[in-house]
Amino acid sequence: MFKFIARRLLETIPVLLIIITGSFFLMHAAPGGPFDSERRVTPEIQRNLEAHYGLNKPLHRQYLDYLGRLVLHGDFGPSFKYSNRTVNELIGESLPVSLRLGMYGMIIALVIGVTAGIIASLRPNTATDYVPMTLAMTGICLPTFVLGPLLVLLFAMKLKWFNPSGWYDPTDAVLPSLTLGIYYAAYLARLTRGGMLEVLSQDYIRTARAKGASEWRVVLKHALRGGLLPVVSFLGPALAGIISGSFVVESIFQIPGLGRYFVTAAFNRDYTMVMGTVIFFAVLIVAFNLLVDVVQVWLNPRLRFQ
Amino acid sequence: MPLLSVSNLSTAFHTRNGIVRAVNDVSFHVDKGETLGIVGESGSGKSVTCYSLMGLIPQPPGRIESGTAMFDGVDLLHCSKRQLSDLRGKRISMIFQDPMTSLNPYLRVGEQIIEPLLIHGKISRAEATERGIAALREVGIHDGAARMRAYPHQFSGGMRQRVMIAMAIITNPELLIADEPTTALDVTVQAEILDLIKKLQQDHGTAVVFITHDLGVVSGFCDRVQVMYAGRIVETAHVADVFREPKHPYNKALQRSIPAMQRKGAELYTIQGLPPDLSKPIPGCPFVPRCEYVQPECHAPVHLEAVAPDHESACTRVQRGTLHLREQPPETMSATRIDEAFTEEPPVSGRHGQQPV
Ligand SMILES: Nc1ncnc2c1ncn2[C@@H]1O[C@H](COP(=O)(O)OP(=O)(O)O)[C@@H](O)[C@H]1O
Ligand SMILES: [Mg+2]
């Protein structure tokens with residue numbers, strides 16, 4: 001197990017390096033630069049600014065400088081847009097917000113999705129199957145940028161239960177988390193149902209029933225582990241999706257998270273900020289995928305003993 | 001009073017391609033401590049019969065259309081879910097055909113073996129584990145303490161079937177249903193598992209319903225045998241009589257297709273044709289299309305009837321006395337050969353005072 005984790009960690013190094021290199025050069029290849037929009041800047045000041053941030057050096061030097069600072073000091077450099085702030089500071093502020101939002105979204109997705117999937121699988125092709133599965137299909141078909149405003153319209157504007165946007169009150173998290181989580185709840189419900197149906201038709205479930213196990217015991221003790229395997233393998237991609245979903249959701253609900261910074265940074269050609277958020281997202285996704293693999297191995301004894 | 005008595009059991013599957021009548025008006029009983037063999041080709045409804053009794057028929061598509069199955073005053077087919085759960089795994093246990101898929105791959109073997117104890121009685125885990133190790137010892141696994149912590153994939157097929165047996169006998173059931181317990185195993189392992197079941201049965205006085213598609217296995221193992229075909233019982237008798245005096249052409253055909261029962265060098269017999277499609281109505285005897293002895297009267301409905309003491313047949317011609325299967329050319333079989341081939345001890349000879357020619 002330890003060897004497995006160590007190997008997977010080593011494998012992530014080239015992956016991250018490719019992501020950093022790729023996005024660095026792509027970003028610089030895009031037309032425009034960080035100081036283009038500030039019209040009142042004279043050419044001289046612009047040159048000074050560029051010299052200050054090292055933008056006048058050849059691109060490969062800029063790349064090596066950036067990589068060196070990042071690897072040796074964990075330093076993402078200064079933000080080009082928010083003067084006197086480093087990217088590390090900005091990420092440090094906005095990451096907890098994004099993580100909280102993502103976590104709520106994930107919890108909603110897991111709790112609603114898995115529960116609905118299990119219920120649907122117990123009586124296939126009856127009302128308790130059709131109702132949650134139809135809802136799930138609807139959830140999958142609704143894009144975030146439609147669902148978010150719809151929820152705002154209903155629960156904030158009409159019923160006035162929540163604020164339509166912002167991130168001040170604890171209840172402000174409800175609507176964005178729902179917006180983020182519902183799609184994945186729907187997806188997980190379908191995956192859970194499929195996995196459970198597959199497992200419930202296995203011979204060993206019949207053995208469990210023959211032993212006199214109650215329906216609860218059959219489902220929770222004998223079926224759930226195998227039935228949730230497809231769900232677990234989907235969690236990696238789901239996290240990636242929730243993160244990219246957070247770009248949209250944070251923009252809709254005006255939440256000061258990493259996603260919103262990323263979107264504005266990309267518009268502003270805030271090079272260091274874009275790089276910082278990209279790398280952060282990449283690390284998050286890689287780390288979570290590793291975690292998912294570990295959980296999968298742990299769930300499946302056949303893999304555990306290899 | 002028999003331990004289990006099944007009357008008029010019919011089970012059907014309502015599928016897209018019609019209603020498959022897998023078990024059709026089946027009646028039989030099992031006495032305390034005896035071994036009843038159920039023999040028939042695959043698809044003849046042996047498993048469905050037993051699953052019906054154990055409440056293991058998937059519903060839908062399955063449905064138990066009629067019948068009763070009395071076990072100690074409880075009708076297994078109509079009792080509450082609770083009553084059935086209390087019986088199965090405790091007083092009635094079951095072993096399945098494929099040990100590779102019948103154990104839960106995600107749970108430790110020990111966990112699965114002691115589960116019946118935990119479900120059915122107030123017992124501490126430690127005590128249950130003790131009994132689990134003892135049960136493993138009884139089925140010939142001696143490093144039980146270590147084996148309890150292993151997972152099914154770490155066992156061979158034969159060992160898994162031993163585990164299944166340990167799990168089935170741990171509650172000391174009165175009835176053990178073994179559904180083709182050796183079919184999926186290597187030939188050498190088959191004999192070991194059969195011996196093991198036999199020994200456990202003798203030690204504990206358990207009644208056994210032993211299902212097999214192999215008539216050869218039955219002779220040394222069972223007290224009584226019933227032959228199934230197309231979801232019906234076509235013949236039932238004491239084991240010696242089933243071999244000595246077949247009373248149904250299907251039973252006879254089965255015997256002629258067993259290699260060990262033929263003379264060396266004799267051509268092996270295969271039953272022509274296929275079993276009937278169970279989703280189509282079968283008005284007369286279901287064996288008609290494959291039977292060598294068909295007469296016009298065979299197309300009329302037929303039921304199982306006593307044709308000799310303790311010997312029932314569902315062949316119209318045997319019932320009317322117009323067909324005597326025993327009078328067939330002697331080269332097809334001989335009783336002494338059967339005994340040599342299948343029984344360790346000679347069977348109680350001349351139960352009905354008749355020795356075959
Ligand atoms: N779940 C099911 N759905 C439809 N038909 C079934 C199902 N289970 C069994 N059958 C049918 O019931 C008949 C008897 O099967 P079974 O009892 O398993 O035979 P066997 O004697 O080999 O154990 C077969 O024709 C089979 O196709
Ligand atoms: Mg079968």
# chains A, B, ... in the order shown; residues from 1 in each chain; ligands from 1
$ residues_near_ligand --ligand "ligand 2" --cutoff "7 Å" --atoms "only C-alpha atoms and all ligand atoms" --output "ChimeraX atom specification"
/B:42-43,46-47,179-180
$ write_last_selection --atoms "all heavy atoms" --output "mmCIF file, in the first residue's frame"
data_model
loop_
_atom_site.group_PDB
_atom_site.id
_atom_site.type_symbol
_atom_site.label_atom_id
_atom_site.label_comp_id
_atom_site.auth_asym_id
_atom_site.auth_seq_id
_atom_site.Cartn_x
_atom_site.Cartn_y
_atom_site.Cartn_z
ATOM 1 N N SER B 42 -30.042 -30.019 -16.840
ATOM 2 C CA SER B 42 -30.067 -28.610 -16.449
ATOM 3 C C SER B 42 -31.261 -27.936 -17.126
ATOM 4 O O SER B 42 -31.613 -28.256 -18.256
ATOM 5 C CB SER B 42 -28.743 -27.957 -16.809
ATOM 6 O OG SER B 42 -28.844 -27.244 -17.978
ATOM 7 N N GLY B 43 -31.930 -27.070 -16.390
ATOM 8 C CA GLY B 43 -33.141 -26.430 -16.901
ATOM 9 C C GLY B 43 -34.410 -27.164 -16.532
ATOM 10 O O GLY B 43 -35.502 -26.740 -16.894
ATOM 11 N N LYS B 46 -34.869 -27.837 -11.032
ATOM 12 C CA LYS B 46 -34.394 -28.282 -9.720
ATOM 13 C C LYS B 46 -34.099 -27.087 -8.820
ATOM 14 O O LYS B 46 -34.554 -27.023 -7.675
ATOM 15 C CB LYS B 46 -33.126 -29.145 -9.882
ATOM 16 C CG LYS B 46 -33.281 -30.274 -10.881
ATOM 17 C CD LYS B 46 -32.016 -31.091 -11.031
ATOM 18 C CE LYS B 46 -30.826 -30.337 -11.567
ATOM 19 N NZ LYS B 46 -30.889 -29.990 -12.990
ATOM 20 N N SER B 47 -33.318 -26.144 -9.354
ATOM 21 C CA SER B 47 -32.962 -24.983 -8.531
ATOM 22 C C SER B 47 -34.197 -24.164 -8.197
ATOM 23 O O SER B 47 -34.375 -23.743 -7.048
ATOM 24 C CB SER B 47 -31.965 -24.091 -9.270
ATOM 25 O OG SER B 47 -30.790 -24.799 -9.539
ATOM 26 N N ASP B 179 -27.558 -27.509 -3.697
ATOM 27 C CA ASP B 179 -27.906 -27.360 -5.110
ATOM 28 C C ASP B 179 -26.670 -27.574 -5.971
ATOM 29 O O ASP B 179 -25.857 -26.679 -6.134
ATOM 30 C CB ASP B 179 -28.496 -25.961 -5.353
ATOM 31 C CG ASP B 179 -28.995 -25.797 -6.784
ATOM 32 O OD1 ASP B 179 -28.909 -26.761 -7.562
ATOM 33 O OD2 ASP B 179 -29.472 -24.695 -7.111
ATOM 34 N N GLU B 180 -26.515 -28.758 -6.505
ATOM 35 C CA GLU B 180 -25.360 -29.128 -7.338
ATOM 36 C C GLU B 180 -24.053 -28.663 -6.698
ATOM 37 O O GLU B 180 -23.285 -27.927 -7.317
ATOM 38 C CB GLU B 180 -25.506 -28.534 -8.744
ATOM 39 C CG GLU B 180 -26.853 -28.854 -9.363
ATOM 40 C CD GLU B 180 -26.791 -28.966 -10.877
ATOM 41 O OE1 GLU B 180 -25.732 -29.355 -11.390
ATOM 42 O OE2 GLU B 180 -27.809 -28.696 -11.528
#
$ closest_atom_pairs --of "chain A" --to "chain B" --cutoff "6 Å" --atoms "only C-alpha atoms" --output "tab-separated table"
residue	atom	partner	partner_atom	distance
A:Asp203	CA	B:Ser102	CA	4.9
A:Tyr204	CA	B:Ser102	CA	4.2
A:Ala210	CA	B:Gly89	CA	5.7
A:Lys211	CA	B:Gly89	CA	3.8
A:Gly212	CA	B:Ser85	CA	4.5
$ closest_atom_pairs --of "chain B" --to "ligand 1" --cutoff "10 Å" --atoms "only C-alpha atoms and all ligand atoms" --output "CSV"
residue,atom,partner,partner_atom_place_in_ligand_line,distance
B:Thr11,CA,ligand 1,12 (O),8.6
B:Ala12,CA,ligand 1,12 (O),7.6
B:Phe13,CA,ligand 1,4 (C),5.0
B:His14,CA,ligand 1,4 (C),7.1
B:Thr15,CA,ligand 1,4 (C),6.2
B:Arg16,CA,ligand 1,4 (C),9.3
B:Asn17,CA,ligand 1,4 (C),9.4
B:Gly18,CA,ligand 1,4 (C),9.6
B:Ile19,CA,ligand 1,4 (C),8.5
B:Val20,CA,ligand 1,5 (N),6.1
B:Arg21,CA,ligand 1,12 (O),7.1
B:Ala22,CA,ligand 1,12 (O),4.1
B:Val23,CA,ligand 1,14 (C),7.1
B:Ile38,CA,ligand 1,21 (O),9.0
B:Val39,CA,ligand 1,21 (O),8.1
B:Gly40,CA,ligand 1,21 (O),6.2
B:Glu41,CA,ligand 1,21 (O),6.1
B:Ser42,CA,ligand 1,22 (O),3.3
B:Gly43,CA,ligand 1,19 (O),3.4
B:Ser44,CA,ligand 1,21 (O),3.9
B:Gly45,CA,ligand 1,17 (O),3.2
B:Lys46,CA,ligand 1,21 (O),3.7
B:Ser47,CA,ligand 1,23 (O),3.6
B:Val48,CA,ligand 1,17 (O),3.7
B:Thr49,CA,ligand 1,17 (O),6.3
B:Cys50,CA,ligand 1,17 (O),8.1
B:Tyr51,CA,ligand 1,17 (O),8.2
B:Ser52,CA,ligand 1,17 (O),9.6
B:Ile57,CA,ligand 1,1 (N),7.4
B:Pro58,CA,ligand 1,1 (N),6.3
B:Gln59,CA,ligand 1,1 (N),8.5
B:Pro60,CA,ligand 1,1 (N),8.4
B:Pro61,CA,ligand 1,3 (N),6.1
B:Gly62,CA,ligand 1,1 (N),6.4
B:Gln97,CA,ligand 1,23 (O),9.3
B:Asp179,CA,ligand 1,23 (O),7.7
B:Glu180,CA,ligand 1,23 (O),8.2
B:Ile211,CA,ligand 1,23 (O),8.1
B:Thr212,CA,ligand 1,21 (O),8.3
B:His213,CA,ligand 1,21 (O),7.5
B:Met228,CA,ligand 1,21 (O),7.9
B:Tyr229,CA,ligand 1,21 (O),8.3
B:Ala230,CA,ligand 1,14 (C),7.8
B:Gly231,CA,ligand 1,14 (C),6.8
B:Pro275,CA,ligand 1,25 (O),9.1
B:Pro276,CA,ligand 1,25 (O),9.0
B:Asp277,CA,ligand 1,25 (O),7.5
B:Leu278,CA,ligand 1,25 (O),6.2
B:Ser279,CA,ligand 1,25 (O),8.4
$ residues_around --residues "stretch 235-239 of chain B" --least-positions-apart "6" --cutoff "10 Å" --atoms "only C-alpha atoms" --output "number ranges by chain"
B: 28, 36-39, 218-229, 245-251, 304-315, 347, 351
$ select_by_dssp --residues "stretch 90-338 of chain B" --states "strand (DSSP E or B)" --output "number ranges by chain"
B: 92-95, 175-179, 207-212, 224-229, 232-238, 305-308, 311-313
$ select_by_dssp --residues "stretch 43-189 of chain A" --states "helix (DSSP H, G or I)" --output "ChimeraX atom specification"
/A:43-52,59-73,87-122,127-141,144-158,170-189
$ write_last_selection --atoms "C-alpha atoms" --output "short mmCIF file (atom, residue, chain, number, x, y, z; two decimals), in the first residue's frame"
data_model
loop_
_atom_site.label_atom_id
_atom_site.label_comp_id
_atom_site.auth_asym_id
_atom_site.auth_seq_id
_atom_site.Cartn_x
_atom_site.Cartn_y
_atom_site.Cartn_z
CA PRO A 43 5.27 53.67 -23.01
CA GLU A 44 8.08 54.49 -20.64
CA ILE A 45 6.18 53.47 -17.53
CA GLN A 46 4.96 50.36 -19.28
CA ARG A 47 8.58 49.42 -20.05
CA ASN A 48 9.49 50.03 -16.42
CA LEU A 49 6.62 47.90 -15.24
CA GLU A 50 7.59 45.10 -17.60
CA ALA A 51 11.20 45.30 -16.47
CA HIS A 52 10.07 45.24 -12.85
CA LEU A 59 10.21 33.86 -22.71
CA HIS A 60 12.28 30.78 -21.86
CA ARG A 61 14.14 32.78 -19.21
CA GLN A 62 10.85 33.96 -17.74
CA TYR A 63 9.73 30.33 -17.67
CA LEU A 64 12.86 29.10 -15.94
CA ASP A 65 12.75 31.97 -13.42
CA TYR A 66 9.12 31.21 -12.64
CA LEU A 67 9.74 27.47 -12.26
CA GLY A 68 12.81 28.09 -10.11
CA ARG A 69 10.96 30.36 -7.69
CA LEU A 70 8.00 28.01 -7.57
CA VAL A 71 9.97 24.83 -6.92
CA LEU A 72 12.58 26.30 -4.57
CA HIS A 73 10.42 28.70 -2.54
CA VAL A 87 -0.54 35.38 -5.60
CA ASN A 88 0.17 33.23 -2.53
CA GLU A 89 -1.75 35.70 -0.37
CA LEU A 90 -4.69 35.88 -2.75
CA ILE A 91 -4.94 32.11 -3.02
CA GLY A 92 -4.60 31.79 0.73
CA GLU A 93 -7.65 34.05 1.12
CA SER A 94 -9.86 32.65 -1.57
CA LEU A 95 -9.05 28.94 -1.39
CA PRO A 96 -10.86 28.27 1.91
CA VAL A 97 -14.01 29.83 0.43
CA SER A 98 -13.81 27.61 -2.65
CA LEU A 99 -12.98 24.53 -0.63
CA ARG A 100 -15.98 25.10 1.61
CA LEU A 101 -18.28 25.60 -1.32
CA GLY A 102 -16.87 22.52 -3.07
CA MET A 103 -17.16 20.43 0.06
CA TYR A 104 -20.80 21.40 0.59
CA GLY A 105 -21.53 20.65 -3.05
CA MET A 106 -19.86 17.27 -2.78
CA ILE A 107 -21.68 16.39 0.44
CA ILE A 108 -25.02 17.32 -1.13
CA ALA A 109 -24.14 15.28 -4.22
CA LEU A 110 -23.11 12.23 -2.17
CA VAL A 111 -25.91 12.26 0.37
CA ILE A 112 -28.75 12.93 -2.05
CA GLY A 113 -27.25 10.97 -4.94
CA VAL A 114 -26.29 7.81 -3.12
CA THR A 115 -29.49 7.68 -1.07
CA ALA A 116 -31.69 8.20 -4.12
CA GLY A 117 -29.70 5.62 -6.07
CA ILE A 118 -30.04 2.98 -3.36
CA ILE A 119 -33.77 3.59 -2.98
CA ALA A 120 -34.26 3.36 -6.74
CA SER A 121 -32.30 0.10 -6.95
CA LEU A 122 -34.32 -1.69 -4.27
CA ALA A 127 -42.61 4.29 -8.63
CA THR A 128 -39.77 4.44 -6.08
CA ASP A 129 -37.40 3.87 -8.99
CA TYR A 130 -39.00 6.06 -11.65
CA VAL A 131 -39.55 9.17 -9.53
CA PRO A 132 -35.95 9.66 -8.30
CA MET A 133 -34.53 8.63 -11.67
CA THR A 134 -36.71 11.07 -13.60
CA LEU A 135 -35.65 13.82 -11.21
CA ALA A 136 -32.04 12.77 -11.72
CA MET A 137 -32.42 12.95 -15.49
CA THR A 138 -33.82 16.47 -15.11
CA GLY A 139 -30.92 17.40 -12.83
CA ILE A 140 -28.38 16.18 -15.36
CA CYS A 141 -30.03 18.11 -18.18
CA THR A 144 -25.42 25.23 -13.76
CA PHE A 145 -25.94 28.65 -15.33
CA VAL A 146 -29.65 27.89 -15.71
CA LEU A 147 -30.19 26.10 -12.41
CA GLY A 148 -28.42 28.81 -10.36
CA PRO A 149 -30.60 31.72 -11.53
CA LEU A 150 -33.70 29.50 -11.25
CA LEU A 151 -32.93 28.73 -7.61
CA VAL A 152 -32.27 32.42 -6.96
CA LEU A 153 -35.55 33.35 -8.58
CA LEU A 154 -37.54 30.87 -6.53
CA PHE A 155 -35.87 30.84 -3.11
CA ALA A 156 -34.35 34.33 -2.94
CA MET A 157 -36.63 36.57 -5.00
CA LYS A 158 -40.00 34.91 -4.49
CA PRO A 170 -23.80 31.24 6.77
CA THR A 171 -27.06 30.65 4.86
CA ASP A 172 -25.48 32.28 1.84
CA ALA A 173 -23.83 28.94 1.15
CA VAL A 174 -27.11 27.08 0.63
CA LEU A 175 -28.09 28.13 -2.89
CA PRO A 176 -24.59 27.99 -4.42
CA SER A 177 -23.93 24.57 -2.83
CA LEU A 178 -27.22 23.27 -4.19
CA THR A 179 -26.48 24.67 -7.63
CA LEU A 180 -23.09 23.01 -7.56
CA GLY A 181 -24.22 19.73 -6.00
CA ILE A 182 -27.47 18.91 -7.76
CA TYR A 183 -25.95 17.93 -11.09
CA TYR A 184 -23.56 15.55 -9.38
CA ALA A 185 -26.27 14.27 -7.06
CA ALA A 186 -28.23 13.35 -10.17
CA TYR A 187 -25.25 11.71 -11.79
CA LEU A 188 -24.28 9.82 -8.65
CA ALA A 189 -27.87 8.63 -8.20
#
$ atom_distance --atom1 "atom CA of B:Thr206" --atom2 "atom CA of B:Glu34"
7.4 Å
$ closest_residue --among "B:Leu194, B:Leu53, B:Met70, B:Ile170" --to "B:Ile114" --atoms "only C-alpha atoms"
B:Ile170
